[in-house]
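J.: So I've got this file, model_33.cif, and it contains mmCIF, C-alpha atoms:
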data_final
loop_
_atom_site.label_atom_id
_atom_site.label_comp_id
_atom_site.auth_asym_id
_atom_site.auth_seq_id
_atom_site.Cartn_x
_atom_site.Cartn_y
_atom_site.Cartn_z
CA MET G 223 -158.65 13.70 -45.79
CA ASN G 224 -161.39 14.12 -43.16
CA TYR G 225 -161.41 16.67 -40.34
CA GLU G 226 -160.11 14.24 -37.71
CA ASP G 227 -157.14 13.20 -39.86
CA SER G 228 -156.32 16.84 -40.56
CA LEU G 229 -156.47 17.63 -36.86
CA ILE G 230 -154.12 14.72 -36.04
CA ILE G 231 -151.53 15.95 -38.55
CA LYS G 232 -151.77 19.57 -37.37
CA THR G 233 -151.43 18.53 -33.74
CA ALA G 234 -148.43 16.30 -34.46
CA TRP G 235 -146.77 19.04 -36.53
CA TYR G 236 -147.19 21.70 -33.87
CA TYR G 237 -145.96 19.37 -31.11
CA TYR G 238 -143.01 17.61 -32.75
CA ILE G 239 -141.88 20.14 -35.38
CA GLU G 240 -142.86 23.51 -33.92
CA ASN G 241 -142.11 22.38 -30.32
CA MET G 242 -145.36 23.86 -29.04
CA THR G 243 -146.67 22.74 -25.66
CA GLN G 244 -149.86 20.74 -25.42
CA GLN G 245 -151.55 23.73 -23.77
CA LYS G 246 -150.50 26.08 -26.60
CA ILE G 247 -151.79 23.62 -29.20
CA SER G 248 -155.05 23.39 -27.28
CA GLU G 249 -155.45 27.16 -27.39
CA LYS G 250 -154.42 27.46 -31.05
CA LEU G 251 -156.79 24.76 -32.31
CA GLY G 252 -159.61 25.55 -29.89
CA ILE G 253 -159.73 22.04 -28.43
CA SER G 254 -159.13 20.68 -24.93
CA ARG G 255 -155.68 19.64 -23.76
CA MET G 256 -157.02 16.11 -23.21
CA LYS G 257 -158.09 16.05 -26.87
CA VAL G 258 -154.54 17.09 -27.84
CA ILE G 259 -153.10 14.19 -25.83
CA LYS G 260 -155.50 11.74 -27.52
CA LEU G 261 -154.64 13.09 -30.99
CA LEU G 262 -150.89 12.72 -30.34
CA GLU G 263 -151.43 9.14 -29.17
CA LYS G 264 -153.51 8.45 -32.30
CA ALA G 265 -150.70 9.92 -34.44
CA ARG G 266 -148.28 7.44 -32.89
CA GLN G 267 -150.65 4.50 -33.24
CA ASP G 268 -151.50 5.26 -36.89
CA GLY G 269 -147.90 5.81 -37.93
CA VAL G 270 -148.38 9.52 -38.70
CA ILE G 271 -145.35 10.04 -36.48
CA GLN G 272 -142.54 7.52 -36.74
CA PHE G 273 -139.64 7.48 -34.34
CA GLN G 274 -136.10 6.37 -35.02
CA ILE G 275 -133.61 6.10 -32.19
CA SER G 276 -130.38 7.82 -33.15
CA GLN G 277 -127.10 6.00 -32.78
CA GLU G 278 -126.09 8.41 -30.02
CA ARG G 279 -129.29 7.82 -28.04
CA SER G 280 -128.93 4.08 -28.58
CA ARG G 281 -125.56 4.29 -26.84
CA HIS G 282 -127.16 6.13 -23.92
CA LEU G 283 -129.81 3.42 -23.64
CA LYS G 284 -127.11 0.76 -23.52
CA VAL G 285 -125.34 2.60 -20.70
CA GLU G 286 -128.62 3.04 -18.82
CA GLN G 287 -129.42 -0.66 -19.06
CA GLU G 288 -125.96 -1.55 -17.80
CA LEU G 289 -126.30 0.79 -14.82
CA ILE G 290 -129.66 -0.80 -14.01
CA ARG G 291 -128.21 -4.30 -14.28
CA ARG G 292 -125.02 -3.63 -12.36
CA TRP G 293 -126.57 -1.77 -9.43
CA ASN G 294 -130.00 -3.44 -9.36
CA LEU G 295 -131.76 -0.14 -10.07
CA LYS G 296 -135.38 0.37 -11.09
CA ASP G 297 -134.35 2.89 -13.73
CA ALA G 298 -131.55 5.13 -14.99
CA PHE G 299 -131.55 8.26 -17.13
CA VAL G 300 -128.30 9.23 -18.88
CA VAL G 301 -128.04 12.58 -20.68
CA PRO G 302 -125.28 13.98 -22.92
CA SER G 303 -122.35 15.48 -21.02
CA ALA G 304 -122.05 19.27 -20.81
CA PRO G 305 -118.82 21.28 -20.53
CA GLY G 306 -118.19 22.91 -17.15
CA ILE G 307 -119.56 21.89 -13.76
CA SER G 308 -122.26 24.60 -13.64
CA ALA G 309 -123.58 23.68 -17.08
CA LEU G 310 -123.42 19.99 -16.15
CA ASN G 311 -125.36 20.52 -12.92
CA ASP G 312 -128.02 22.47 -14.80
CA THR G 313 -128.26 19.81 -17.52
CA ILE G 314 -128.89 16.96 -15.11
CA ALA G 315 -131.20 19.16 -13.01
CA LYS G 316 -133.35 19.82 -16.09
CA ALA G 317 -133.27 16.12 -16.94
CA ALA G 318 -134.38 15.24 -13.40
CA ALA G 319 -137.20 17.80 -13.54
CA MET G 320 -138.47 16.32 -16.82
CA TYR G 321 -138.17 12.77 -15.46
CA ILE G 322 -140.09 13.65 -12.29
CA SER G 323 -142.75 15.79 -14.02
CA ASP G 324 -143.74 12.80 -16.15
CA ARG G 325 -144.40 10.81 -12.97
CA ILE G 326 -146.34 13.19 -10.74
CA THR G 327 -150.02 13.99 -10.44
CA GLU G 328 -151.89 16.75 -8.67
CA ASN G 329 -151.87 14.82 -5.38
CA THR G 330 -148.22 13.71 -5.50
CA TYR G 331 -145.85 14.60 -2.68
CA ILE G 332 -142.13 14.33 -3.30
CA ASN G 333 -139.23 14.48 -0.87
CA ILE G 334 -136.32 16.62 -1.93
CA GLY G 335 -132.82 16.92 -0.50
CA TYR G 336 -130.32 19.71 -0.05
CA GLY G 337 -127.71 20.95 -2.52
CA ASP G 338 -127.01 23.13 -5.55
CA THR G 339 -128.21 20.55 -8.07
CA LEU G 340 -131.36 19.82 -6.05
CA GLY G 341 -132.10 23.54 -5.79
CA ARG G 342 -131.98 23.69 -9.59
CA VAL G 343 -134.21 20.60 -9.84
CA ILE G 344 -136.97 22.08 -7.71
CA ASN G 345 -136.82 25.42 -9.56
CA HIS G 346 -137.03 23.74 -12.97
CA LEU G 347 -139.74 21.38 -11.75
CA ALA G 348 -141.87 24.13 -10.23
CA THR G 349 -141.61 26.02 -13.52
CA ILE G 350 -142.53 23.25 -15.97
CA THR G 351 -145.08 21.23 -14.02
CA GLU G 352 -148.74 21.85 -14.80
CA ALA G 353 -150.11 20.26 -11.62
CA PRO G 354 -149.20 22.09 -8.38
CA LEU G 355 -146.12 20.45 -6.87
CA SER G 356 -145.92 19.54 -3.18
CA ALA G 357 -142.34 19.12 -1.96
CA VAL G 358 -141.17 18.03 1.49
CA SER G 359 -137.65 18.92 2.62
CA LEU G 360 -135.43 16.09 3.84
CA THR G 361 -133.11 18.32 5.86
CA GLY G 362 -133.02 21.49 7.87
CA GLY G 363 -131.91 24.76 6.32
CA VAL G 364 -135.04 26.60 5.15
CA SER G 365 -133.27 29.09 2.86
CA TYR G 366 -131.70 26.30 0.77
CA TYR G 367 -135.13 25.22 -0.49
CA LEU G 368 -136.60 28.59 -1.45
CA PRO G 369 -137.06 29.54 -5.14
CA ASN G 370 -134.26 31.46 -6.82
CA THR G 371 -134.71 35.04 -8.02
CA PHE G 372 -134.82 33.90 -11.66
CA SER G 373 -138.05 31.93 -11.23
CA SER G 374 -140.85 33.85 -12.94
CA LYS G 375 -143.20 30.97 -12.13
CA PHE G 376 -142.96 28.75 -9.08
CA ASN G 377 -145.87 26.33 -9.01
CA ALA G 378 -144.95 24.51 -5.81
CA LYS G 379 -146.01 24.21 -2.20
CA LEU G 380 -143.08 23.63 0.12
CA PHE G 381 -143.16 21.83 3.46
CA LEU G 382 -139.89 22.67 5.16
CA TYR G 383 -138.01 21.63 8.30
CA PRO G 384 -138.30 24.70 10.56
CA ALA G 385 -134.70 24.31 11.66
CA PRO G 386 -131.09 24.83 10.52
CA LEU G 387 -129.16 22.00 8.87
CA VAL G 388 -126.50 21.82 11.59
CA VAL G 389 -126.73 23.10 15.18
CA SER G 390 -124.09 23.74 17.80
CA THR G 391 -124.57 20.77 20.14
CA LYS G 392 -125.85 17.20 20.19
CA GLU G 393 -128.30 18.10 22.96
CA LEU G 394 -129.79 20.99 20.97
CA CYS G 395 -130.15 18.74 17.94
CA SER G 396 -132.00 16.12 19.97
CA ALA G 397 -134.30 18.74 21.47
CA MET G 398 -135.14 20.21 18.05
CA GLN G 399 -135.88 16.75 16.63
CA ASN G 400 -138.52 16.35 19.35
CA GLU G 401 -140.25 19.61 18.45
CA PRO G 402 -143.80 18.94 17.09
CA SER G 403 -143.22 21.09 13.99
CA VAL G 404 -140.09 19.11 13.10
CA GLN G 405 -141.74 15.76 13.81
CA GLU G 406 -144.66 16.74 11.57
CA ILE G 407 -142.31 17.17 8.59
CA SER G 408 -140.55 13.90 9.48
CA ARG G 409 -143.88 12.07 9.30
CA MET G 410 -144.62 13.62 5.88
CA VAL G 411 -141.29 12.32 4.55
CA ASN G 412 -142.52 8.74 5.01
CA LEU G 413 -145.68 9.39 2.98
CA ALA G 414 -144.13 10.87 -0.18
CA SER G 415 -144.32 8.83 -3.39
CA MET G 416 -140.79 9.63 -4.52
CA THR G 417 -137.58 11.02 -3.06
CA VAL G 418 -134.96 13.10 -4.88
CA VAL G 419 -131.45 13.43 -3.45
CA GLY G 420 -128.17 14.93 -4.54
CA ILE G 421 -124.77 13.36 -3.94
CA GLY G 422 -121.88 15.50 -2.76
CA GLY G 423 -118.20 14.88 -3.26
CA ILE G 424 -115.29 15.76 -0.97
CA ARG G 425 -114.10 18.87 -2.72
CA GLU G 426 -113.32 22.47 -1.73
CA ASP G 427 -116.10 23.97 -3.89
CA ALA G 428 -118.83 21.77 -2.37
CA THR G 429 -122.12 23.57 -1.72
CA ILE G 430 -122.02 22.91 2.03
CA ILE G 431 -118.62 24.65 2.20
CA LYS G 432 -119.76 27.57 0.03
CA ASN G 433 -122.77 28.05 2.30
CA GLY G 434 -120.59 28.03 5.40
CA ILE G 435 -122.17 24.91 6.89
CA PHE G 436 -118.87 23.02 6.91
CA THR G 437 -115.27 24.23 6.69
CA LYS G 438 -112.34 22.93 4.68
CA ASN G 439 -110.93 21.58 7.93
CA ASP G 440 -114.17 19.65 8.49
CA PHE G 441 -113.73 18.08 5.06
CA LEU G 442 -110.10 17.26 5.80
CA TYR G 443 -111.16 15.55 9.03
CA LEU G 444 -113.94 13.64 7.26
CA SER G 445 -111.65 12.49 4.45
CA MET G 446 -109.18 11.25 7.08
CA GLN G 447 -112.06 9.17 8.46
CA GLY G 448 -112.53 7.62 5.01
CA ALA G 449 -115.37 9.80 3.69
CA VAL G 450 -115.74 9.98 -0.10
CA GLY G 451 -118.93 12.05 -0.17
CA ASP G 452 -122.35 12.66 1.35
CA ILE G 453 -126.05 12.12 0.87
CA LEU G 454 -128.30 14.58 2.72
CA SER G 455 -125.08 15.75 4.46
CA HIS G 456 -124.55 12.26 5.94
CA PHE G 457 -121.01 11.25 4.98
CA ILE G 458 -120.22 7.76 3.70
CA ASP G 459 -117.11 5.72 2.91
CA GLN G 460 -116.27 4.06 -0.41
CA ASP G 461 -118.58 1.13 0.36
CA GLY G 462 -121.52 3.35 1.29
CA ASN G 463 -121.18 2.85 5.05
CA PRO G 464 -122.06 5.87 7.22
CA ILE G 465 -119.16 7.63 8.94
CA HIS G 466 -120.05 8.63 12.47
CA THR G 467 -118.54 11.86 13.81
CA ASP G 468 -119.64 14.60 16.17
CA ILE G 469 -120.92 16.45 13.07
CA GLU G 470 -123.45 13.67 12.53
CA ASP G 471 -124.74 14.18 16.08
CA ARG G 472 -125.52 17.84 15.30
CA LEU G 473 -127.20 17.25 11.94
CA LEU G 474 -130.92 17.78 11.31
CA SER G 475 -131.42 15.53 8.33
CA THR G 476 -133.40 12.42 7.37
CA SER G 477 -131.26 9.43 8.34
CA LEU G 478 -129.66 7.12 5.80
CA ALA G 479 -131.47 4.21 7.46
CA THR G 480 -134.79 5.94 6.73
CA LEU G 481 -133.67 6.78 3.19
CA ARG G 482 -133.15 3.08 2.47
CA THR G 483 -136.78 2.37 3.40
CA LEU G 484 -138.29 5.02 1.12
CA PRO G 485 -139.72 4.03 -2.28
CA ASN G 486 -138.42 5.48 -5.54
CA VAL G 487 -135.26 7.24 -4.35
CA ILE G 488 -133.82 9.20 -7.29
CA GLY G 489 -130.15 10.21 -7.15
CA VAL G 490 -129.17 13.22 -9.27
CA ALA G 491 -125.42 13.76 -9.65
CA ALA G 492 -122.61 13.92 -12.19
CA GLY G 493 -118.97 14.91 -12.58
CA ASP G 494 -115.52 13.52 -11.85
CA SER G 495 -115.41 15.07 -8.38
CA LYS G 496 -118.54 13.11 -7.39
CA LEU G 497 -117.62 9.81 -9.03
CA LYS G 498 -116.47 8.04 -5.84
CA ALA G 499 -119.48 9.38 -3.92
CA ILE G 500 -121.95 8.23 -6.59
CA ARG G 501 -120.37 4.79 -6.67
CA ALA G 502 -120.49 4.58 -2.86
CA SER G 503 -124.17 5.60 -2.88
CA LEU G 504 -124.92 2.81 -5.35
CA LYS G 505 -122.92 0.27 -3.36
CA GLY G 506 -124.72 1.35 -0.19
CA GLY G 507 -128.11 0.65 -1.79
CA TYR G 508 -129.49 4.13 -1.18
CA LEU G 509 -130.79 4.72 -4.73
CA ASN G 510 -133.49 3.16 -6.90
CA VAL G 511 -132.93 5.50 -9.86
CA LEU G 512 -129.80 7.33 -11.06
CA ILE G 513 -129.89 10.45 -13.25
CA THR G 514 -126.44 11.39 -14.51
CA ASP G 515 -124.49 12.29 -17.64
CA GLU G 516 -122.88 9.93 -20.13
CA GLN G 517 -119.26 10.53 -19.11
CA THR G 518 -119.99 9.89 -15.43
CA ALA G 519 -121.93 6.74 -16.31
CA LEU G 520 -119.08 5.46 -18.50
CA ASN G 521 -116.58 6.20 -15.74
CA LEU G 522 -118.72 4.22 -13.29
CA MET G 523 -118.71 1.31 -15.71
CA GLU G 524 -114.94 1.51 -16.30
CA GLU G 525 -114.36 1.12 -12.58
CA ASP G 526 -116.45 -2.06 -12.65
CA PRO G 527 -114.42 -5.07 -13.83
CA ASP G 528 -117.63 -7.02 -14.54
CA SER G 529 -118.99 -4.43 -16.94
CA PRO G 530 -118.94 -5.15 -20.70
CA ILE G 531 -118.91 -1.42 -21.47
#
Output the file's structure as structure tokens, nothing else.
T.:
Amino acid sequence: MNYEDSLIIKTAWYYYIENMTQQKISEKLGISRMKVIKLLEKARQDGVIQFQISQERSRHLKVEQELIRRWNLKDAFVVPSAPGISALNDTIAKAAAMYISDRITENTYINIGYGDTLGRVINHLATITEAPLSAVSLTGGVSYYLPNTFSSKFNAKLFLYPAPLVVSTKELCSAMQNEPSVQEISRMVNLASMTVVGIGGIREDATIIKNGIFTKNDFLYLSMQGAVGDILSHFIDQDGNPIHTDIEDRLLSTSLATLRTLPNVIGVAAGDSKLKAIRASLKGGYLNVLITDEQTALNLMEEDPDSPI
């Protein structure tokens, strides 16, 4: 066995068996990270590493392909379901961070929405990404986008709406939208290469209720108007149509009409309480990619009479 072959095997072992990062392997073997990447690719090409898709993952792939077919998506990523809503939110947030990190470069700008799951996404992403991340907020509410206290590393540059999410009057909202600092962020939104949004359900433990932005009475009123959930705090009915209320007039958030024009919109959501909202978002054509868990995906398919799953 020559030196190159030995290096390929060592690199593959450290990466796939020892779960070492490419950077750690680079340091351990005294070679560049680019060399590590080339050695791993050579290991795959030469059959040093052989992959077999497990039966469980095969099932996930089948569900993903059906989601793509049914809703005319560019892609879907389905992960195993986790017990408990907090664990589930963290699972899909980690999945979204991994999905996005594979698709960004040093000069990539991404748009990111508001919500608990999206907050987890940006924290995970800013921790695992090697290239500095540039993220543009899609809504007002500066504090909702800041790193959490558990982030030991936060490799991200944030461009935030210098405004609250909801203001007291329609007139104030209009005036703030015309502020140069707000318009500057709005222009950046249209230049990002991908957009990541959460999907909220109509439930009492929703993030926008916990944060005091909306009240339970607001949600009762919205549900009476036919709302099943929200995207970027814009509420929609079961067919994905926007529901116009006085709340909408006071909201500092990228419009749903603009969202439809953006490339590579990734929806990150899961759970029974969000099922109707996710389905409405898909029907409304707001998403190009869906990241969710297996149970939510199967439930979406069960509601579809045309689905073979």
J.: Please provide the set of residues having any atom within 12 Å of Asp268 of chain G, restricted to all atoms listed in the file, with same-chain residues fewer than 3 positions apart removed, written as a VMD selection string.
T.: chain G and resid 227 230 to 231 234 261 to 265 271 to 272
J.: When you look at Ile322 of chain G with a cut-off of 10 Å (counting all atoms listed in the file), what residues show up, excluding the ones that are within fewer than 6 positions of it in the same chain? I need them as a count of residues only.
T.: 9
J.: Leaving out Gln287 of chain G and any residue of its chain fewer than 2 positions from it, which residues lie within 12 Å of it when counting all atoms listed in the file, given as a ChimeraX atom specification?
T.: /G:280-285,289-300,511-512,519,523,529-531
J.: Please write the residues picked by the PyMOL selection byres ((chain G and resi 412) around 9) on this file as a list of chain:residue names.
T.: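 Applying the expression gives G:Asn333, G:Ser408, G:Arg409, G:Met410, G:Val411, G:Leu413, G:Ala414, G:Ser415, G:Thr480, G:Thr483, G:Leu484.
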J.: Can you tell me, as number ranges by chain, what residues are no more than 9 Å from Asp471 of chain G when counting only C-alpha atoms, ignoring any on the same chain fewer than 3 positions away?
T.: G: 391-393, 395-396, 466-468, 474
J.: If I put a ball of radius 10 Å at (-122.1, 7.8, 3.2) in the file's coordinates, which residues poke into it when counting all atoms listed in the file, written as an MDAnalysis selection string?
T.: chainID G and resid 421:422 448:466 478 499:500 502:503 506 508
J.: So what do you get for atom CA of Thr476 of chain G versus atom CA of Thr514 of chain G, distance-wise?
T.: 23.0 Å
J.: Can you tell me how far atom CA of Gly337 of chain G sits from atom CA of Ser403 of chain G, in Å to one decimal?
T.: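 Between these atoms lies a distance of 22.7 Å.
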J.: Which is closest to Leu481 of chain G among G:Ile334, G:Ala428, G:Val389, G:Leu368, if we use all atoms listed in the file?
T.: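 Of G:Ile334, G:Ala428, G:Val389, G:Leu368, the one nearest Leu481 of chain G, counting all atoms listed in the file, is G:Ile334.
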J.: How would you write, as a list in words, the residues chosen by the PyMOL selection byres ((chain G and resi 312) around 10) on this structure?
T.: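 With the shown file as input, the PyMOL selection byres ((chain G and resi 312) around 10) matches Ala304, Ile307, Ser308, Ala309, Leu310, Asn311, Thr313, Ile314, Ala315, Lys316, Ala317, Ala318, Asp338, Thr339, Leu340, Gly341, Arg342, Val343 and His346 of chain G.
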J.: Selected by the PyMOL selection byres ((chain G and resi 335) around 6) in the shown coordinates: which residues, as a PDB file with C-alpha atoms, in the coordinates of the input?
T.:
ATOM      1  CA  ILE G 334    -136.320  16.620  -1.930  1.00  0.00           C
ATOM      2  CA  TYR G 336    -130.320  19.710  -0.050  1.00  0.00           C
ATOM      3  CA  LEU G 360    -135.430  16.090   3.840  1.00  0.00           C
ATOM      4  CA  VAL G 419    -131.450  13.430  -3.450  1.00  0.00           C
TER       5      VAL G 419
END
J.: Report the distance between atom CA of Lys496 of chain G and atom CA of Ile424 of chain G in Å, rounded to one decimal place.
T.: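 Straight-line distance from atom CA of Lys496 of chain G to atom CA of Ile424 of chain G works out to 7.7 Å.
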J.: Which one is closest to Arg472 of chain G: G:Ala385, G:Ala319, G:Leu355, G:Val490? Count all atoms listed in the file.
T.: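 Using all atoms listed in the file, Arg472 of chain G sits closest to G:Ala385.
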J.: Using all atoms listed in the file, pick whichever of G:Lys250, G:Lys260, G:Asn345, G:Ile469 has the shortest atom-to-atom distance to Phe436 of chain G.
T.: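 With all atoms listed in the file as the atom set, the closest residue is G:Ile469.
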